[in-house]
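final_21.cif follows (mmCIF, C-alpha atoms):
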data_target
#
loop_
_atom_site.label_atom_id
_atom_site.label_comp_id
_atom_site.auth_asym_id
_atom_site.auth_seq_id
_atom_site.Cartn_x
_atom_site.Cartn_y
_atom_site.Cartn_z
CA MET A 204 -24.53 -3.79 3.24
CA ASP A 205 -21.32 -1.75 2.99
CA LYS A 206 -18.04 -3.59 2.96
CA TYR A 207 -14.51 -2.24 3.02
CA VAL A 208 -11.15 -3.90 2.53
CA THR A 209 -7.60 -2.57 2.37
CA ARG A 210 -4.04 -3.87 2.55
CA GLN A 211 -1.34 -2.82 4.99
CA PRO A 212 2.34 -3.67 4.48
CA ILE A 213 4.27 -5.75 7.00
CA LYS A 214 7.96 -4.87 7.13
CA ALA A 215 10.93 -6.84 8.44
CA LEU A 216 12.71 -4.37 10.72
CA LYS A 217 16.21 -5.85 10.56
CA GLU A 218 16.21 -6.64 6.85
CA ASP A 219 14.34 -3.48 5.86
CA ARG A 220 12.00 -5.20 3.41
CA ILE A 221 8.29 -5.85 2.97
CA ILE A 222 7.51 -9.50 3.74
CA GLY A 223 3.78 -9.33 3.06
CA TYR A 224 0.47 -7.54 3.46
CA GLU A 225 -2.48 -7.94 5.80
CA VAL A 226 -5.92 -7.80 4.21
CA LEU A 227 -8.10 -5.74 6.57
CA PHE A 228 -11.86 -6.06 6.35
CA GLN A 229 -14.43 -3.89 8.01
CA LYS A 230 -14.62 -5.32 11.49
CA ASP A 231 -17.75 -3.86 13.06
CA TYR A 232 -19.45 -6.80 14.63
CA ASP A 233 -22.88 -5.56 13.59
CA SER A 234 -21.90 -5.68 9.94
CA LEU A 235 -19.54 -7.51 7.64
CA TYR A 236 -17.23 -9.34 10.00
CA SER A 237 -19.58 -10.82 12.59
CA SER A 238 -18.44 -14.34 13.39
CA SER A 239 -22.03 -15.43 13.99
CA ASP A 240 -23.31 -14.11 10.69
CA VAL A 241 -23.24 -16.78 7.99
CA ALA A 242 -24.13 -14.24 5.30
CA ALA A 243 -21.13 -12.16 6.34
CA ALA A 244 -18.85 -15.17 6.00
CA ASP A 245 -20.28 -15.77 2.54
CA THR A 246 -19.57 -12.15 1.63
CA ILE A 247 -15.93 -12.42 2.73
CA ALA A 248 -15.41 -15.75 0.96
CA GLY A 249 -16.94 -14.41 -2.24
CA PHE A 250 -14.82 -11.28 -2.14
CA LEU A 251 -11.61 -13.23 -1.55
CA MET A 252 -12.33 -15.60 -4.43
CA GLN A 253 -13.18 -12.77 -6.82
CA ASN A 254 -9.95 -10.93 -5.98
CA THR A 255 -7.45 -13.75 -5.66
CA GLU A 256 -5.02 -12.24 -8.16
CA SER A 257 -5.16 -8.80 -6.54
CA ILE A 258 -4.79 -9.97 -2.95
CA PHE A 259 -2.53 -13.01 -3.19
CA HIS A 260 0.28 -11.63 -5.29
CA ASP A 261 4.04 -11.90 -4.81
CA LYS A 262 4.36 -11.80 -1.02
CA LEU A 263 2.77 -13.34 2.06
CA THR A 264 -0.84 -12.37 2.64
CA PHE A 265 -2.21 -12.33 6.19
CA VAL A 266 -5.99 -12.87 6.38
CA THR A 267 -8.21 -13.13 9.47
CA PHE A 268 -10.69 -15.98 9.04
CA THR A 269 -13.89 -16.36 11.05
CA PRO A 270 -14.84 -19.79 12.48
CA SER A 271 -17.44 -20.17 9.69
CA LEU A 272 -14.78 -19.63 7.02
CA LEU A 273 -12.34 -22.03 8.69
CA PHE A 274 -14.92 -24.77 9.07
CA ARG A 275 -15.92 -24.41 5.43
CA ASN A 276 -12.30 -24.84 4.33
CA THR A 277 -12.19 -21.40 2.68
CA PRO A 278 -8.40 -21.00 3.20
CA LYS A 279 -7.84 -24.06 1.00
CA ILE A 280 -8.90 -22.04 -2.03
CA PHE A 281 -5.59 -20.18 -1.82
CA ASP A 282 -1.92 -21.10 -2.05
CA LYS A 283 -0.84 -22.12 1.45
CA ASP A 284 2.75 -21.04 0.74
CA LYS A 285 1.60 -17.43 0.27
CA MET A 286 -1.00 -17.15 3.01
CA VAL A 287 -0.98 -16.79 6.80
CA ILE A 288 -4.24 -17.63 8.59
CA GLN A 289 -4.92 -15.13 11.37
CA ILE A 290 -7.14 -16.07 14.31
CA GLU A 291 -8.78 -13.98 17.03
CA ASP A 292 -10.28 -14.65 20.43
CA HIS A 293 -13.69 -15.64 19.06
CA VAL A 294 -11.93 -18.45 17.15
CA MET A 295 -9.87 -19.57 20.12
CA ILE A 296 -12.87 -19.98 22.43
CA HIS A 297 -14.77 -22.09 19.89
CA PRO A 298 -14.81 -25.71 21.10
CA LEU A 299 -13.92 -27.13 17.68
CA SER A 300 -11.02 -24.74 17.04
CA PRO A 301 -8.14 -26.94 18.28
CA THR A 302 -9.24 -29.78 16.03
CA ILE A 303 -9.65 -27.68 12.89
CA ILE A 304 -6.42 -25.74 13.50
CA ARG A 305 -4.43 -28.96 14.02
CA LYS A 306 -5.84 -30.20 10.73
CA TYR A 307 -4.70 -27.08 8.86
CA ARG A 308 -1.28 -27.19 10.52
CA ALA A 309 -0.81 -30.81 9.45
CA GLU A 310 -1.46 -29.73 5.88
CA GLY A 311 1.24 -27.04 6.05
CA TYR A 312 -0.76 -23.87 6.77
CA VAL A 313 0.83 -21.12 8.88
CA PHE A 314 -1.04 -19.28 11.66
CA ALA A 315 -0.84 -15.93 13.43
CA ILE A 316 -2.69 -14.67 16.53
CA ASN A 317 -4.16 -11.17 16.34
CA ASP A 318 -3.82 -8.72 19.24
CA PHE A 319 -2.07 -11.20 21.53
CA GLN A 320 -2.70 -10.84 25.28
CA PHE A 321 -1.32 -12.40 28.48
CA SER A 322 -4.23 -14.81 28.90
CA PRO A 323 -4.60 -18.62 29.13
CA LYS A 324 -6.71 -18.84 25.97
CA TYR A 325 -3.94 -17.15 23.99
CA PHE A 326 -1.13 -19.23 25.46
CA SER A 327 -3.11 -22.41 24.78
CA MET A 328 -2.74 -21.72 21.04
CA LEU A 329 1.00 -21.04 20.99
CA ASP A 330 1.91 -24.52 19.76
CA TYR A 331 0.01 -23.87 16.54
CA VAL A 332 1.15 -20.37 15.59
CA THR A 333 4.24 -18.90 13.94
CA TYR A 334 3.45 -15.18 14.27
CA ILE A 335 2.27 -13.16 17.27
CA LYS A 336 0.67 -9.78 16.51
CA ILE A 337 0.75 -7.11 19.24
CA ASP A 338 -0.99 -3.73 19.04
CA ILE A 339 1.54 -0.97 19.72
CA ARG A 340 -1.00 1.84 20.09
CA ASN A 341 -1.09 3.60 23.49
CA LYS A 342 2.08 1.84 24.63
CA GLN A 343 4.53 4.75 24.37
CA GLU A 344 4.81 5.48 28.07
CA GLY A 345 6.44 3.86 31.13
CA LYS A 346 4.61 0.75 32.29
CA GLU A 347 2.96 0.00 28.96
CA ARG A 348 6.27 0.36 27.15
CA SER A 349 7.98 -2.01 29.60
CA SER A 350 5.13 -4.54 29.36
CA LEU A 351 5.36 -4.50 25.57
CA LYS A 352 9.06 -5.25 25.67
CA ASN A 353 8.57 -8.06 28.20
CA LEU A 354 5.81 -9.61 26.09
CA ILE A 355 7.98 -9.60 22.99
CA ASN A 356 10.92 -11.12 24.86
CA THR A 357 8.64 -13.82 26.26
CA MET A 358 7.27 -14.67 22.82
CA LYS A 359 10.76 -14.87 21.39
CA GLY A 360 11.50 -17.38 24.15
CA PHE A 361 8.76 -19.50 22.62
CA ASP A 362 10.43 -19.05 19.21
CA LYS A 363 7.60 -16.90 17.83
CA LYS A 364 7.94 -14.07 15.32
CA CYS A 365 6.52 -10.82 16.70
CA ILE A 366 4.64 -8.30 14.54
CA VAL A 367 3.72 -4.98 16.14
CA THR A 368 0.61 -3.44 14.59
CA GLY A 369 -0.86 0.05 14.63
CA VAL A 370 2.43 1.67 13.60
CA SER A 371 1.12 5.05 12.44
CA SER A 372 3.98 7.42 13.28
CA MET A 373 7.76 7.67 13.47
CA ALA A 374 7.52 7.33 17.27
CA ASP A 375 5.64 4.03 16.88
CA TYR A 376 8.19 2.82 14.35
CA GLU A 377 11.13 3.66 16.58
CA LEU A 378 9.41 1.97 19.52
CA ALA A 379 8.94 -1.18 17.44
CA ILE A 380 12.69 -1.29 16.84
CA GLU A 381 13.51 -0.49 20.48
CA VAL A 382 11.37 -3.30 21.94
CA GLY A 383 12.88 -5.86 19.58
CA ALA A 384 9.93 -6.65 17.32
CA ASP A 385 10.66 -8.69 14.21
CA TYR A 386 8.14 -6.92 11.99
CA ALA A 387 6.08 -3.73 11.91
CA GLU A 388 2.66 -3.10 10.36
CA GLY A 389 0.66 0.08 9.95
CA SER A 390 0.08 3.17 7.86
CA TYR A 391 3.58 4.54 8.56
CA VAL A 392 5.45 1.43 7.39
CA ALA A 393 5.61 2.14 3.66
CA GLU A 394 6.52 5.75 4.38
CA ALA A 395 9.31 4.65 6.73
CA MET A 396 11.03 2.82 3.88
CA ALA A 397 11.51 5.91 1.75
CA GLY A 398 14.83 7.63 1.30
CA LYS A 399 14.97 11.40 0.83
CA VAL A 400 16.84 13.66 -1.55
CA ASN A 401 18.03 17.17 -0.86
CA ARG A 402 15.50 19.87 -1.78
CA MET A 403 17.90 21.68 -4.12
CA GLU A 404 18.76 18.44 -5.90
CA PHE A 405 15.04 17.97 -6.45
CA LEU A 406 14.47 21.51 -7.74
CA GLU A 407 17.47 21.43 -10.04
CA GLY A 408 16.93 17.88 -11.28
CA ASN A 409 15.21 16.61 -14.39
CA PHE A 410 12.34 15.26 -12.31
CA PHE A 411 11.26 18.75 -11.29
CA GLN A 412 11.65 20.12 -14.80
CA LEU A 413 9.60 17.25 -16.19
CA VAL A 414 6.87 17.80 -13.60
CA VAL A 415 6.73 21.50 -14.46
CA GLU A 416 6.30 20.78 -18.17
CA VAL A 417 3.68 18.00 -17.95
CA SER A 418 1.67 19.94 -15.35
CA LYS A 419 1.05 22.92 -17.63
CA ASP A 420 -2.43 23.47 -19.08
CA GLU A 421 -0.97 23.02 -22.56
CA PRO A 422 2.22 20.93 -22.26
CA ASP A 423 4.87 21.66 -24.89
CA ILE A 424 5.97 18.35 -26.41
CA GLU A 425 9.24 19.87 -27.64
CA LYS A 426 10.23 21.07 -24.17
CA ILE A 427 9.33 17.72 -22.66
CA GLU A 428 11.43 16.02 -25.32
CA GLU A 429 14.32 18.36 -24.48
CA VAL A 430 14.14 17.60 -20.74
CA ILE A 431 14.12 13.84 -21.28
CA SER A 432 16.72 13.88 -24.06
CA ARG A 433 19.38 15.54 -21.90
CA ASP A 434 19.22 12.69 -19.38
CA ALA A 435 20.44 9.33 -20.66
CA ALA A 436 18.78 7.38 -17.88
CA LEU A 437 15.42 9.09 -18.45
CA SER A 438 15.67 8.49 -22.18
CA TYR A 439 16.48 4.83 -21.65
CA ALA A 440 13.63 4.40 -19.15
CA LEU A 441 11.09 6.08 -21.44
CA LEU A 442 12.02 3.90 -24.41
CA LYS A 443 11.99 0.85 -22.18
CA ILE A 444 8.45 1.59 -21.00
CA VAL A 445 7.05 2.34 -24.47
CA ASN A 446 8.61 -0.82 -25.93
CA SER A 447 7.42 -3.01 -23.06
CA ALA A 448 4.60 -5.53 -23.25
CA TYR A 449 2.35 -2.95 -21.57
CA PHE A 450 1.98 -1.00 -24.84
CA ALA A 451 2.16 -4.10 -27.09
CA LEU A 452 3.53 -2.21 -30.12
CA ARG A 453 4.13 -4.04 -33.39
CA ARG A 454 7.27 -2.03 -34.15
CA ARG A 455 9.89 -0.88 -31.70
CA VAL A 456 10.04 2.86 -30.99
CA SER A 457 13.56 4.25 -31.20
CA SER A 458 13.23 8.03 -30.67
CA ILE A 459 12.12 10.18 -27.75
CA ARG A 460 9.60 12.06 -29.92
CA GLN A 461 8.04 8.80 -31.15
CA ALA A 462 7.88 7.51 -27.61
CA LEU A 463 6.11 10.65 -26.36
CA VAL A 464 3.60 10.57 -29.22
CA THR A 465 2.90 6.90 -28.55
CA MET A 466 2.47 7.42 -24.84
CA GLY A 467 0.52 10.69 -25.00
CA ILE A 468 0.57 13.48 -22.44
CA SER A 469 -2.13 11.93 -20.27
CA GLN A 470 -0.21 8.66 -19.98
CA LEU A 471 3.07 10.52 -19.45
CA LYS A 472 1.59 12.34 -16.44
CA GLN A 473 0.85 8.96 -14.90
CA TRP A 474 4.35 7.65 -15.55
CA VAL A 475 6.31 10.76 -14.58
CA TYR A 476 7.27 9.43 -11.15
CA LEU A 477 8.43 6.16 -12.55
CA LEU A 478 10.49 7.82 -15.26
CA SER A 479 12.45 10.00 -12.89
CA PHE A 480 12.25 8.52 -9.42
CA ASN A 481 15.28 9.13 -7.22
CA ASN A 482 17.99 6.50 -7.55
CA ASP A 483 19.71 7.36 -4.27
CA ILE A 484 17.58 4.93 -2.27
CA ASP A 485 19.91 2.01 -1.66
CA ASN A 486 17.16 -0.46 -0.85
CA GLU A 487 15.24 -1.38 -4.00
CA GLU A 488 12.44 -2.72 -1.79
CA SER A 489 12.01 0.81 -0.40
CA LEU A 490 11.82 2.19 -3.91
CA GLU A 491 9.18 -0.32 -4.96
CA ALA A 492 7.04 0.16 -1.83
CA MET A 493 6.92 3.94 -2.14
CA MET A 494 6.30 3.94 -5.87
CA LYS A 495 3.46 1.44 -5.52
CA LEU A 496 1.94 3.56 -2.74
CA SER A 497 2.10 6.63 -5.02
CA PHE A 498 0.47 4.81 -7.92
CA LEU A 499 -2.20 3.26 -5.71
CA ARG A 500 -3.20 6.57 -4.13
CA ALA A 501 -3.29 8.23 -7.53
CA ASN A 502 -5.42 5.53 -9.18
CA PHE A 503 -7.77 5.14 -6.22
CA ALA A 504 -8.31 8.90 -5.85
CA MET A 505 -8.91 9.40 -9.58
CA THR A 506 -11.38 6.51 -9.83
CA ILE A 507 -13.58 7.46 -6.88
CA SER A 508 -13.45 11.16 -7.80
CA ASP A 509 -15.83 10.40 -10.68
CA HIS A 510 -18.65 10.27 -8.11
CA ILE A 511 -17.91 13.69 -6.55
CA LYS A 512 -20.01 16.63 -7.69
CA ASP A 513 -18.49 20.10 -8.04
CA LEU A 514 -14.91 18.83 -7.67
CA PRO A 515 -12.77 21.89 -8.50
CA ILE A 516 -10.00 19.93 -10.26
CA ILE A 517 -10.07 17.61 -13.26
CA ARG A 518 -9.37 13.88 -13.27
CA SER A 519 -5.70 14.14 -14.26
CA GLU A 520 -5.13 16.66 -11.45
CA VAL A 521 -6.72 14.29 -8.96
CA TYR A 522 -4.23 11.68 -10.15
CA MET A 523 -1.31 14.02 -9.60
CA MET A 524 -2.65 14.90 -6.14
CA GLY A 525 -2.40 11.23 -5.24
CA MET A 526 1.11 11.05 -6.66
CA PHE A 527 2.29 14.20 -4.92
CA SER A 528 0.94 13.01 -1.55
CA THR A 529 4.16 11.04 -1.04
CA LEU A 530 6.61 13.83 -1.93
CA GLN A 531 7.28 14.68 1.70
CA TYR A 532 8.69 11.18 2.22
CA MET A 533 11.06 11.49 -0.72
CA ILE A 534 12.34 15.05 -0.47
CA ASN A 535 14.12 16.45 2.54
CA ALA A 536 11.92 19.55 2.96
CA PRO A 537 8.46 20.45 4.34
CA LEU A 538 5.60 19.66 1.99
CA GLU A 539 4.55 23.34 1.96
CA GLU A 540 7.97 24.29 0.63
CA ILE A 541 8.00 21.54 -1.99
CA LEU A 542 4.54 22.36 -3.37
CA GLU A 543 5.36 26.06 -3.64
CA GLU A 544 7.78 25.09 -6.40
CA VAL A 545 5.38 22.82 -8.29
CA PRO A 546 2.76 24.27 -10.67
CA VAL A 547 -0.34 22.56 -9.28
CA ALA A 548 -3.77 23.98 -8.42
CA GLN A 549 -4.17 25.74 -5.09
CA GLU A 550 -6.90 23.25 -4.23
CA ILE A 551 -4.32 20.44 -4.40
CA LYS A 552 -1.92 22.35 -2.15
CA ASP A 553 -4.69 23.05 0.38
CA ALA A 554 -5.73 19.41 0.30
CA LEU A 555 -2.27 17.91 0.82
CA ILE A 556 -1.07 20.47 3.38
CA LYS A 557 -4.23 21.35 5.34
CA LYS A 558 -6.75 18.71 4.21
CA GLU A 559 -9.08 21.58 3.33
CA GLY A 560 -11.91 21.77 0.81
CA ILE A 561 -13.52 18.99 -1.21
CA CYS A 562 -10.10 17.84 -2.41
CA GLY A 563 -8.91 17.71 1.19
CA GLU A 564 -11.86 15.52 2.12
CA LEU A 565 -11.05 13.20 -0.78
CA TYR A 566 -7.42 12.99 0.34
CA GLU A 567 -8.49 12.36 3.93
CA LEU A 568 -10.78 9.58 2.71
CA ILE A 569 -7.82 7.90 0.96
CA LEU A 570 -5.66 8.11 4.10
CA SER A 571 -8.49 6.85 6.32
CA TYR A 572 -9.08 3.93 3.99
CA GLU A 573 -5.38 2.99 4.05
CA SER A 574 -5.46 3.08 7.86
CA ALA A 575 -8.68 1.02 8.06
CA GLU A 576 -10.51 3.79 9.95
CA TRP A 577 -13.84 2.46 8.72
CA LYS A 578 -16.12 4.81 10.67
CA LYS A 579 -14.32 7.82 9.21
CA VAL A 580 -14.37 6.24 5.75
CA LYS A 581 -18.14 5.87 5.93
CA GLN A 582 -18.63 9.46 7.10
CA LEU A 583 -16.41 10.94 4.38
CA SER A 584 -17.78 8.76 1.58
CA GLU A 585 -21.33 9.79 2.49
CA LYS A 586 -20.32 13.44 2.61
CA LEU A 587 -18.72 13.20 -0.84
CA ASN A 588 -21.60 11.12 -2.26
CA ILE A 589 -19.25 8.23 -3.07
CA PRO A 590 -21.07 4.85 -2.95
CA SER A 591 -19.36 3.24 0.03
CA GLY A 592 -20.42 -0.22 -1.13
CA GLN A 593 -18.14 0.13 -4.16
CA LEU A 594 -15.01 1.22 -2.32
CA ALA A 595 -13.67 -2.26 -1.55
CA GLN A 596 -13.87 -3.53 -5.11
CA THR A 597 -12.58 -0.25 -6.52
CA TYR A 598 -9.60 -0.36 -4.18
CA MET A 599 -8.71 -3.95 -5.11
CA ASP A 600 -9.11 -3.16 -8.81
CA CYS A 601 -6.58 -0.35 -8.31
CA VAL A 602 -4.22 -2.73 -6.47
CA GLU A 603 -4.40 -5.10 -9.43
CA ALA A 604 -3.84 -2.27 -11.91
CA VAL A 605 -0.73 -1.13 -10.01
CA ASN A 606 0.59 -4.70 -9.92
CA GLU A 607 0.07 -5.03 -13.68
CA ILE A 608 1.87 -1.76 -14.34
CA TRP A 609 4.78 -2.79 -12.15
CA ASN A 610 5.02 -6.31 -13.56
CA GLY A 611 4.91 -5.01 -17.12
CA LEU A 612 7.93 -2.84 -16.45
CA THR A 613 10.04 -5.23 -14.42
CA VAL A 614 9.38 -8.21 -16.71
CA SER A 615 10.29 -6.14 -19.75
CA ALA A 616 13.49 -4.98 -18.08
CA ASP A 617 14.49 -8.47 -16.95
CA GLN A 618 14.15 -9.81 -20.48
CA GLU A 619 16.99 -7.63 -21.72
CA THR A 620 19.15 -6.80 -18.71
CA ASP A 621 19.71 -7.70 -15.09
CA ILE A 622 19.31 -4.06 -14.02
CA PRO A 623 15.69 -3.18 -13.12
CA VAL A 624 14.10 -0.25 -14.96
CA SER A 625 13.48 1.53 -11.69
CA LYS A 626 17.20 1.65 -10.90
CA LYS A 627 18.03 3.21 -14.24
CA ALA A 628 15.67 6.14 -13.84
CA HIS A 629 17.16 8.77 -11.57
CA THR A 630 17.31 12.49 -10.97
#

Translate the structure of the given file into structure tokens.
Amino acid sequence: MDKYVTRQPIKALKEDRIIGYEVLFQKDYDSLYSSSDVAAADTIAGFLMQNTESIFHDKLTFVTFTPSLLFRNTPKIFDKDKMVIQIEDHVMIHPLSPTIIRKYRAEGYVFAINDFQFSPKYFSMLDYVTYIKIDIRNKQEGKERSSLKNLINTMKGFDKKCIVTGVSSMADYELAIEVGADYAEGSYVAEAMAGKVNRMEFLEGNFFQLVVEVSKDEPDIEKIEEVISRDAALSYALLKIVNSAYFALRRRVSSIRQALVTMGISQLKQWVYLLSFNNDIDNEESLEAMMKLSFLRANFAMTISDHIKDLPIIRSEVYMMGMFSTLQYMINAPLEEILEEVPVAQEIKDALIKKEGICGELYELILSYESAEWKKVKQLSEKLNIPSGQLAQTYMDCVEAVNEIWNGLTVSADQETDIPVSKKAHT
């Protein structure tokens, strides 16, 4: 049985910060998420327990529990201060639901209702919930737009926090703000937090020069050293990374050349964004969200690419494709224009701009997975000969790897200074 799981960020619109993530499982009722399927509930419970560290990290985690999982006290495995229990209509119509929900509430658990509707069964649960989730899709026009705003105003009258879901475009995001939602969730949310730099600043900056050098078939260590050495912030960030707990060196490295030798070109390619990420983004939360998205796409793409036959680019190039997929949200220029200046394979350009070729299909698979478009995920994974049953665990392993990378840097920085590493590295 295939199973898929992904995380989508939930952003506070007024405070411009990520408050948590929703864990989205495959939801086809003939497969993993069927509320009547005990085996399915066992699968979900097992997956959650195996991936506790990956899923329940530093922010709130929203998880939809089936009646079977609720009745078996599965939520009690996790920290109630970091988890929000989501319920759907098949939970609300269960005759034992009010009793079990009251019990959880008395113990301090927080609830949310998915896809809230104007219906008695939904209103009957309002006393127990903190968050109301409303699907924003197909509500851009006239009557639907007005109804959405009225629903949110009504829920605020009941002192509920409103999360609009399905935010997949700038228009959706702007609508969420217009109708007065408290939070927004969807594939566009992380992208919406990114600040942008001017194209010429990008092309003239050390970031671009560093990308050019590390992307060459045979990178020149002396030129890379020269690029980093002429930027104090880059030099500081590089030394900070190499001397962090992540590398666990016995002796501290004190020169750029030593640091580069220790890290190696392959590792440097993976860290290049972190070393030189734009410092003009005022909101550090925006910086963190976009960087984590870059790392996650890069790691996920590289890992699953091992299963693809006749892939025209090598593993490190797949990694950079994942990294470069976020450039358009950081640089104030069309992606076509940006990639013309970067020495990457034509297959990568075709994939990121047109979603063409095998690389384009891989990129489209990553985007579909992020958006929880499970039918499309299954089609693309089969076409690329990627074992779909491994995608969920691979994805969560990549989430954990990104968290470890990030924690290793920020913990190391906090030990010596109050200024985060990420704010020291700039173009």

- Counting only C-alpha atoms, the residue of A:Glu540, A:Tyr224, A:Lys217, A:Ala315 that sits nearest Val602 in chain A: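 Between A:Glu540, A:Tyr224, A:Lys217, A:Ala315, the residue approaching Val602 in chain A most closely is A:Tyr224.
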
- Task: Convert the output of the PyMOL selection byres ((chain A and resi 381-388) around 7) on the shown file into explicit residues, formatted as a VMD selection string.
- Result: chain A and resid 211 to 216 352 355 364 to 370 377 to 380 389 392

- Interatomic distance, CA of Ile316 in chain A to CA of Leu496 in chain A (Å, one decimal):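 These two atoms are separated by 26.9 Å.
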
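Between CA of Phe268 in chain A and CA of Gly360 in chain A there is a distance of 26.9 Å.
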
- Message: My list of candidates is A:Gln531, A:Asn317, A:Gln229, A:Asn588. Which is closest to Arg210 in chain A when distances are computed with all atoms listed in the file?
- Response: A:Gln229

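Ranking A:Ser519, A:Gln320, A:Lys512, A:Glu559 by their shortest atom-to-atom distance to Lys419 in chain A, with only C-alpha atoms included, puts A:Ser519 first.
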
- Item | Among listed residues A:Tyr331, A:Asn606, A:Lys306, A:Phe361, nearest Ala492 in chain A (using only C-alpha atoms) |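 The shortest atom-to-atom distance to Ala492 in chain A comes from A:Asn606.
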
- May I have the protein, DNA and RNA residues with any atom at most 8 Å from the point (-3.8, 4.3, 2.9), counting all atoms listed in the file, written as an MDAnalysis selection string? chainID A and resid 209 211 390 500 569:575

- Contacts of range 281-295 of chain A at 9 Å (all atoms listed in the file; same-chain gap of 4+ positions) as a ChimeraX atom specification: /A:223,238,252,255,259-270,277,299-301,310-319,324-325,327-328,334

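Among A:Lys363, A:Lys472, A:Arg453, A:Arg308, the residue with the shortest atom-to-atom distance to Ser418 in chain A, counting only C-alpha atoms, is A:Lys472.
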
- Message: Could you check the closest approach to Ile551 in chain A for each of A:Ile534, A:Met524, A:Leu568, A:Leu452 and tell me which residue wins, using all atoms listed in the file?
- Response: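 Looking at the shortest contact to Ile551 in chain A, the residue is A:Met524.
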
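Picture a line from CA of Leu471 in chain A to CA of Ala595 in chain A; it runs 27.6 Å.
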
- Pull out every residue that the PyMOL selection byres ((chain A and resi 465) around 12) matches in the shown coordinates and put them as a PyMOL selection string. chain A and resi 441-442+444-446+450-452+454-464+466-471

- Message: As a check of understanding, name the residues that the PyMOL selection byres ((chain A and resi 513) around 12) selects in the supplied structure, as JSON, numbers by chain.
- Response: {"A": [508, 509, 510, 511, 512, 514, 515, 516, 517, 560, 561, 562, 587, 588]}

So which residues touch range 590-593 of chain A within 12 Å, counting all atoms listed in the file, skipping near sequence neighbours fewer than 4 positions away, as a PDB file with C-alpha atoms, in the frame of the given file?
ATOM      1  CA  MET A 204     -24.530  -3.790   3.240  1.00  0.00           C
ATOM      2  CA  ASP A 205     -21.320  -1.750   2.990  1.00  0.00           C
ATOM      3  CA  LYS A 206     -18.040  -3.590   2.960  1.00  0.00           C
ATOM      4  CA  TYR A 207     -14.510  -2.240   3.020  1.00  0.00           C
ATOM      5  CA  VAL A 208     -11.150  -3.900   2.530  1.00  0.00           C
ATOM      6  CA  GLN A 229     -14.430  -3.890   8.010  1.00  0.00           C
ATOM      7  CA  LEU A 235     -19.540  -7.510   7.640  1.00  0.00           C
ATOM      8  CA  PHE A 503      -7.770   5.140  -6.220  1.00  0.00           C
ATOM      9  CA  THR A 506     -11.380   6.510  -9.830  1.00  0.00           C
ATOM     10  CA  ILE A 507     -13.580   7.460  -6.880  1.00  0.00           C
ATOM     11  CA  SER A 508     -13.450  11.160  -7.800  1.00  0.00           C
ATOM     12  CA  ASP A 509     -15.830  10.400 -10.680  1.00  0.00           C
ATOM     13  CA  HIS A 510     -18.650  10.270  -8.110  1.00  0.00           C
ATOM     14  CA  ILE A 511     -17.910  13.690  -6.550  1.00  0.00           C
ATOM     15  CA  LEU A 568     -10.780   9.580   2.710  1.00  0.00           C
ATOM     16  CA  TYR A 572      -9.080   3.930   3.990  1.00  0.00           C
ATOM     17  CA  TRP A 577     -13.840   2.460   8.720  1.00  0.00           C
ATOM     18  CA  LYS A 578     -16.120   4.810  10.670  1.00  0.00           C
ATOM     19  CA  LYS A 579     -14.320   7.820   9.210  1.00  0.00           C
ATOM     20  CA  VAL A 580     -14.370   6.240   5.750  1.00  0.00           C
ATOM     21  CA  LYS A 581     -18.140   5.870   5.930  1.00  0.00           C
ATOM     22  CA  GLN A 582     -18.630   9.460   7.100  1.00  0.00           C
ATOM     23  CA  LEU A 583     -16.410  10.940   4.380  1.00  0.00           C
ATOM     24  CA  SER A 584     -17.780   8.760   1.580  1.00  0.00           C
ATOM     25  CA  GLU A 585     -21.330   9.790   2.490  1.00  0.00           C
ATOM     26  CA  LYS A 586     -20.320  13.440   2.610  1.00  0.00           C
ATOM     27  CA  THR A 597     -12.580  -0.250  -6.520  1.00  0.00           C
ATOM     28  CA  TYR A 598      -9.600  -0.360  -4.180  1.00  0.00           C
ATOM     29  CA  MET A 599      -8.710  -3.950  -5.110  1.00  0.00           C
ATOM     30  CA  ASP A 600      -9.110  -3.160  -8.810  1.00  0.00           C
TER      31      ASP A 600
END
